[in-house]
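Asks: Have a look at this one.
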Amino acid sequence: MVFLQTLTESGIAEVGILGFFAAFFMFAFILILGVYIYTSFAFMAIAKKAKYSKPGIAWIPGIGPLLITSKTAKMHWWPILLLVLSPIPFIGGIASIAVAVFSIIWLWKTFEVIGKPGWWAILTLLPIVNFVILGIAAWSKN
């Protein structure tokens, strides 16, 4: 007990906890960056397969894949405006749900445009499976 009290008084315990959180956040940052890079490359390849004129917009964080899927699906543009409402309390929650539904519809139609089954869009709701499906859709030959 005296040893623990000495550790706490000297600040070693706080440094250890701070180090743990720093390592955790660094790991999370690297993981998020890897997911961003993978999905950007995948959506860029999907846009090229769909003969979209500007596949580079896949690199716009957050909205790039939505823009690609909405344009390749050849659907209405107005649901993209719902992204503007997302930060507003209460209205933003409803707008975010609407954008999520539209993104699945757009992805369904985008998969059909590139010759893949549209129902794969529903599989992208599953963790880990979504990366596999995007990879197959983006880089498979058929």
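Identifiers for the structure tokens are assigned positionally: chains receive A, B, ... in sequence, residues are indexed from 1 per chain, and ligands are indexed from 1 in the order shown.
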Per DSSP on the backbone, what are the helix (DSSP H, G or I) residues of range 3-84 of chain A, as a ChimeraX atom specification?
Replies: /A:3-10,12-49,55-59,64-72,78-84
Asks: Restrict the calculation to only C-alpha atoms, then for each residue of range 36-71 of chain A with any atom at most 12 Å from an atom of range 91-99 of chain A give the closest atom pair and their distance in Å to one decimal, rows by chain and rising residue number, as JSON lines.
Replies:
```
{"residue": "A:Gly62", "atom": "CA", "partner": "A:Val99", "partner_atom": "CA", "distance": 11.9}
{"residue": "A:Ile63", "atom": "CA", "partner": "A:Val99", "partner_atom": "CA", "distance": 10.7}
{"residue": "A:Leu66", "atom": "CA", "partner": "A:Val99", "partner_atom": "CA", "distance": 9.0}
{"residue": "A:Leu67", "atom": "CA", "partner": "A:Val99", "partner_atom": "CA", "distance": 11.5}
{"residue": "A:Ser70", "atom": "CA", "partner": "A:Val99", "partner_atom": "CA", "distance": 10.8}
```
Asks: Quote the spacing between CA of Lys48 in chain A and CA of Trp108 in chain A in Å to one decimal place.
Replies: 16.7 Å
Asks: Which neighbours of range 112-115 of chain A fall inside 9 Å, counting only C-alpha atoms, when residues of the same chain fewer than 4 positions from it are skipped, and could you give them as a list of chain:residue names?
Replies: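 Contacts, with the query itself left out: A:Ile46, A:Ala47, A:Lys49, A:Ala50, A:Thr72, A:Ala73, A:Leu107, A:Trp108, A:Ala137, A:Ala138, A:Asn142.
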Asks: With only C-alpha atoms as the atoms that count, which of A:Met75, A:Ile30, A:Val15, A:Ile133 lies nearest to Ala121 in chain A?
Replies: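 For Ala121 in chain A, the nearest of the given residues is A:Ile133.
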